[in-house]
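To be precise, the following lines are coords_19.pdb, and they hold PDB, C-alpha atoms.
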ATOM      1  CA  MET O1378      -4.584 112.662 -30.170
ATOM      2  CA  VAL O1379      -5.962 109.168 -30.769
ATOM      3  CA  ASN O1380      -3.847 107.862 -27.881
ATOM      4  CA  ILE O1381      -5.524 110.334 -25.519
ATOM      5  CA  TYR O1382      -8.927 109.074 -26.699
ATOM      6  CA  ILE O1383      -7.761 105.510 -26.101
ATOM      7  CA  ILE O1384      -6.666 106.239 -22.521
ATOM      8  CA  LEU O1385      -9.846 108.210 -21.746
ATOM      9  CA  THR O1386     -12.026 105.482 -23.247
ATOM     10  CA  ALA O1387     -10.211 102.829 -21.207
ATOM     11  CA  VAL O1388     -10.700 104.791 -17.993
ATOM     12  CA  LEU O1389     -14.371 105.495 -18.693
ATOM     13  CA  ALA O1390     -15.128 101.893 -19.659
ATOM     14  CA  GLY O1391     -13.160 100.406 -16.759
ATOM     15  CA  ILE O1392     -14.781 102.637 -14.169
ATOM     16  CA  SER O1393     -18.255 102.090 -15.647
ATOM     17  CA  THR O1394     -17.874  98.323 -15.560
ATOM     18  CA  TYR O1395     -16.416  98.375 -12.042
ATOM     19  CA  PHE O1396     -19.242 100.611 -10.820
ATOM     20  CA  ILE O1397     -22.019  98.530 -12.393
ATOM     21  CA  ALA O1398     -20.490  95.265 -11.172
ATOM     22  CA  ASN O1399     -19.519  96.238  -7.639
ATOM     23  CA  LYS O1400     -21.505  99.280  -6.589
ATOM     24  CA  LEU O1401     -24.783  98.351  -8.282
ATOM     25  CA  ASN O1402     -24.217  94.635  -7.544
ATOM     26  CA  LYS O1403     -25.043  93.519 -11.092
ATOM     27  CA  GLY O1404     -22.030  91.246 -11.523
ATOM     28  CA  GLY O1405     -18.979  91.478 -13.721
ATOM     29  CA  VAL O1406     -20.338  89.681 -16.776
ATOM     30  CA  PHE O1407     -23.478  91.817 -16.982
ATOM     31  CA  ALA O1408     -21.471  94.995 -16.405
ATOM     32  CA  SER O1409     -18.885  94.154 -19.060
ATOM     33  CA  ALA O1410     -21.538  93.139 -21.571
ATOM     34  CA  THR O1411     -23.460  96.366 -20.983
ATOM     35  CA  VAL O1412     -20.420  98.601 -21.391
ATOM     36  CA  THR O1413     -19.232  96.697 -24.454
ATOM     37  CA  LEU O1414     -22.671  96.829 -26.106
ATOM     38  CA  ILE O1415     -23.098 100.545 -25.485
ATOM     39  CA  SER O1416     -19.589 101.340 -26.710
ATOM     40  CA  GLY O1417     -20.148  99.179 -29.784
ATOM     41  CA  ILE O1418     -23.173 101.261 -30.676
ATOM     42  CA  ILE O1419     -21.897 104.728 -29.730
ATOM     43  CA  PHE O1420     -18.238 104.874 -30.754
ATOM     44  CA  PRO O1421     -18.537 103.878 -34.427
ATOM     45  CA  PHE O1422     -21.403 106.350 -34.830
ATOM     46  CA  PHE O1423     -19.746 109.382 -33.211
ATOM     47  CA  PHE O1424     -16.135 108.617 -34.181
ATOM     48  CA  PRO O1425     -16.282 106.993 -37.643
ATOM     49  CA  GLU O1426     -12.505 107.057 -38.200
ATOM     50  CA  VAL O1427     -11.435 105.517 -34.881
ATOM     51  CA  GLY O1428     -14.721 104.168 -33.548
ATOM     52  CA  THR O1429     -13.851 100.511 -33.979
ATOM     53  CA  THR O1430     -10.550 101.014 -32.164
ATOM     54  CA  LEU O1431     -12.264 102.833 -29.299
ATOM     55  CA  MET O1432     -14.882 100.078 -29.199
ATOM     56  CA  ALA O1433     -12.114  97.476 -28.801
ATOM     57  CA  VAL O1434     -10.447  99.553 -26.078
ATOM     58  CA  ALA O1435     -13.747  99.837 -24.215
ATOM     59  CA  ALA O1436     -14.235  96.075 -24.424
ATOM     60  CA  CYS O1437     -10.695  95.492 -23.156
ATOM     61  CA  ALA O1438     -11.115  97.891 -20.233
ATOM     62  CA  SER O1439     -14.507  96.398 -19.428
ATOM     63  CA  TYR O1440     -12.821  93.016 -19.054
ATOM     64  CA  ALA O1441     -10.371  94.625 -16.636
ATOM     65  CA  GLY O1442     -13.327  96.233 -14.838
ATOM     66  CA  MET O1443     -14.542  92.756 -13.932
ATOM     67  CA  VAL O1444     -11.779  92.603 -11.310
ATOM     68  CA  SER O1445     -12.898  91.557  -7.847
ATOM     69  CA  ILE O1446     -13.520  94.332  -5.343
ATOM     70  CA  ARG O1447     -11.238  92.340  -3.026
ATOM     71  CA  ASN O1448      -8.317  92.829  -5.438
ATOM     72  CA  ALA O1449      -9.115  96.432  -6.379
ATOM     73  CA  PRO O1450     -11.139  97.884  -3.516
ATOM     74  CA  SER O1451     -11.332 101.470  -4.799
ATOM     75  CA  ILE O1452     -12.177 103.458  -7.901
ATOM     76  CA  LYS O1453      -8.646 104.923  -7.766
ATOM     77  CA  GLU O1454      -7.185 101.475  -8.237
ATOM     78  CA  MET O1455      -9.598 100.834 -11.104
ATOM     79  CA  ILE O1456      -8.421 104.048 -12.751
ATOM     80  CA  ILE O1457      -4.821 102.821 -12.497
ATOM     81  CA  ILE O1458      -5.781  99.447 -13.984
ATOM     82  CA  SER O1459      -7.656 101.183 -16.822
ATOM     83  CA  VAL O1460      -4.750 103.494 -17.638
ATOM     84  CA  ILE O1461      -2.397 100.502 -17.716
ATOM     85  CA  ALA O1462      -4.827  98.686 -20.032
ATOM     86  CA  GLY O1463      -4.962 101.701 -22.345
ATOM     87  CA  ILE O1464      -1.176 102.005 -22.454
ATOM     88  CA  ILE O1465      -0.698  98.305 -23.146
ATOM     89  CA  PHE O1466      -3.372  98.493 -25.850
ATOM     90  CA  ILE O1467      -1.481 101.347 -27.524
ATOM     91  CA  LEU O1468       1.872  99.584 -27.251
ATOM     92  CA  SER O1469       0.512  96.298 -28.599
ATOM     93  CA  SER O1470      -1.738  97.736 -31.309
ATOM     94  CA  LYS O1471       0.351  96.208 -34.104
ATOM     95  CA  ALA O1472       0.899  92.839 -32.425
ATOM     96  CA  TYR O1473      -1.414  89.870 -32.851
ATOM     97  CA  VAL O1474      -4.183  91.811 -34.569
ATOM     98  CA  GLY O1475      -7.123  89.471 -35.087
ATOM     99  CA  VAL O1476      -5.780  86.820 -32.734
ATOM    100  CA  GLY O1477      -8.341  85.738 -30.156
ATOM    101  CA  GLY O1478      -7.757  86.537 -26.505
ATOM    102  CA  ARG O1479      -5.632  89.653 -27.005
ATOM    103  CA  LEU O1480      -8.009  92.031 -25.206
ATOM    104  CA  GLY O1481      -8.559  89.661 -22.300
ATOM    105  CA  THR O1482      -4.822  89.152 -21.994
ATOM    106  CA  ILE O1483      -4.261  92.910 -21.851
ATOM    107  CA  ALA O1484      -6.954  93.164 -19.153
ATOM    108  CA  ALA O1485      -5.374  90.364 -17.118
ATOM    109  CA  ILE O1486      -1.895  91.900 -17.408
ATOM    110  CA  SER O1487      -3.288  95.263 -16.266
ATOM    111  CA  CYS O1488      -4.925  93.761 -13.173
ATOM    112  CA  LEU O1489      -1.882  91.639 -12.335
ATOM    113  CA  THR O1490       0.397  94.664 -12.714
ATOM    114  CA  LEU O1491      -1.537  96.525 -10.037
ATOM    115  CA  LEU O1492      -1.646  93.484  -7.754
ATOM    116  CA  GLY O1493       2.103  92.965  -8.181
ATOM    117  CA  ALA O1494       2.864  96.618  -7.463
ATOM    118  CA  LYS O1495       0.699  96.516  -4.342
ATOM    119  CA  ALA O1496       2.497  93.351  -3.155
ATOM    120  CA  ILE O1497       5.907  94.950  -3.652
ATOM    121  CA  ILE O1498       4.863  98.114  -1.832
ATOM    122  CA  ASN O1499       3.368  96.131   1.065
ATOM    123  CA  ARG O1500       6.473  93.947   1.336
ATOM    124  CA  ASN O1501       8.714  97.002   1.605
ATOM    125  CA  LYS O1502       6.674  98.560   4.405
TER     126      LYS O1502
END
Encoding of this model in structure tokens:
Amino acid sequence: MVNIYIILTAVLAGISTYFIANKLNKGGVFASATVTLISGIIFPFFFPEVGTTLMAVAACASYAGMVSIRNAPSIKEMIIISVIAGIIFILSSKAYVGVGGRLGTIAAISCLTLLGAKAIINRNK
């Protein structure tokens, strides 16, 4: 059940950041900071057992949500990136805990996975 919360949190945080950054034209840094701050306040309060994990997932997905609209031009693509980020977060939850850069690395891998898949699909057309 926690894994479902992780995926849903990643999607919500990624889409929120993407929307604030690209549709409201507030910029990626502001959008990510806003989503991370709000999740840091809300998740530990409403989900005491897993709130810190969900807060970390939201931060990770918000980093992925900073992707350029040129590289991910639609909300659908942002959903895919967010789901990938959530899955990688789950799979790597025991690896490098406490090591700096882990969440940003997961976000970068998620974005690059989508870009690579799009390149392969476009090459085969």
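Nearest to Val1474 (chain O) of all the residues O:Ala1433, O:Ile1461, O:Ala1441, O:Met1455 is O:Ala1433, counting only C-alpha atoms.
Counting from CA of Ala1449 (chain O), the distance to CA of Leu1401 (chain O) is 15.9 Å.
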Next on the checklist: Evaluated on this file, the PyMOL selection byres ((chain O and resi 1382) around 10) picks out some residues - which ones are they, written as JSON, numbers by chain?
Outcome noted: {"O": [1378, 1379, 1380, 1381, 1383, 1384, 1385, 1386, 1387, 1388, 1427, 1430, 1431, 1434, 1463]}
Please, could you write that set of residues out with C-alpha atoms as a PDB file, keeping the file's coordinate frame?
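File written: out-v8.pdb
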ATOM      1  CA  MET O1378      -4.584 112.662 -30.170  1.00  0.00           C
ATOM      2  CA  VAL O1379      -5.962 109.168 -30.769  1.00  0.00           C
ATOM      3  CA  ASN O1380      -3.847 107.862 -27.881  1.00  0.00           C
ATOM      4  CA  ILE O1381      -5.524 110.334 -25.519  1.00  0.00           C
ATOM      5  CA  ILE O1383      -7.761 105.510 -26.101  1.00  0.00           C
ATOM      6  CA  ILE O1384      -6.666 106.239 -22.521  1.00  0.00           C
ATOM      7  CA  LEU O1385      -9.846 108.210 -21.746  1.00  0.00           C
ATOM      8  CA  THR O1386     -12.026 105.482 -23.247  1.00  0.00           C
ATOM      9  CA  ALA O1387     -10.211 102.829 -21.207  1.00  0.00           C
ATOM     10  CA  VAL O1388     -10.700 104.791 -17.993  1.00  0.00           C
ATOM     11  CA  VAL O1427     -11.435 105.517 -34.881  1.00  0.00           C
ATOM     12  CA  THR O1430     -10.550 101.014 -32.164  1.00  0.00           C
ATOM     13  CA  LEU O1431     -12.264 102.833 -29.299  1.00  0.00           C
ATOM     14  CA  VAL O1434     -10.447  99.553 -26.078  1.00  0.00           C
ATOM     15  CA  GLY O1463      -4.962 101.701 -22.345  1.00  0.00           C
TER      16      GLY O1463
END
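We find CA of Gly1493 (chain O) and CA of Ile1467 (chain O) to be spaced 21.4 Å apart.
The smallest atom-to-atom distance between Ile1457 (chain O) and any of O:Ala1438, O:Ile1397, O:Ser1445, O:Tyr1473, using all atoms listed in the file, is found for O:Ala1438.
Taking CA of Met1443 (chain O) and CA of Ser1409 (chain O) as the two end points, the separation is 6.9 Å.
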Next on the checklist: Given the PyMOL selection byres ((chain O and resi 1437) around 9) and the file above, list the residues it selects as a PyMOL selection string.
Outcome noted: chain O and resi 1387+1390-1391+1413+1432-1436+1438-1442+1462-1463+1466+1479-1484
Checklist entry - Hey, what's within 8 Å of Thr1429 (chain O) if we count all atoms listed in the file and toss same-chain stuff fewer than 6 positions away? As a list in words, please? => result Gly1417, Phe1420 and Pro1421 of chain O
Atoms kept (C-alpha atoms) for selection, written as a CSV table (one decimal), in the frame of the given file:
chain,number,residue,atom,x,y,z
O,1417,GLY,CA,-20.1,99.2,-29.8
O,1420,PHE,CA,-18.2,104.9,-30.8
O,1421,PRO,CA,-18.5,103.9,-34.4
Next on the checklist: I'd like the contact shell of Ile1456 (chain O) - 7 Å cut-off, all atoms listed in the file, skipping same-chain residues fewer than 4 positions apart - returned as an MDAnalysis selection string.
Outcome noted: chainID O and resid 1388 1392 1452 1460
Checklist entry - Which residue, O:Ile1419, O:Ala1408, O:Leu1414, O:Ile1497, has the smallest gap to Thr1394 (chain O) when you use all atoms listed in the file? => result O:Ala1408
Using the file's own x, y and z axes, what box holds all listed atoms of region 1454-1462 of chain O with 4 Å on each side, keeping edges along x, y and z, and what are its centre and edge lengths in Å to one decimal, as JSON?
{"center_x": -6.0, "center_y": 101.4, "center_z": -14.1, "size_x": 15.2, "size_y": 13.4, "size_z": 19.8}
Item to check | Option closest in space to Ser1416 (chain O), from O:Asn1501, O:Ala1398, O:Ser1393, O:Ile1486 [counting only C-alpha atoms] | outcome: O:Ser1393
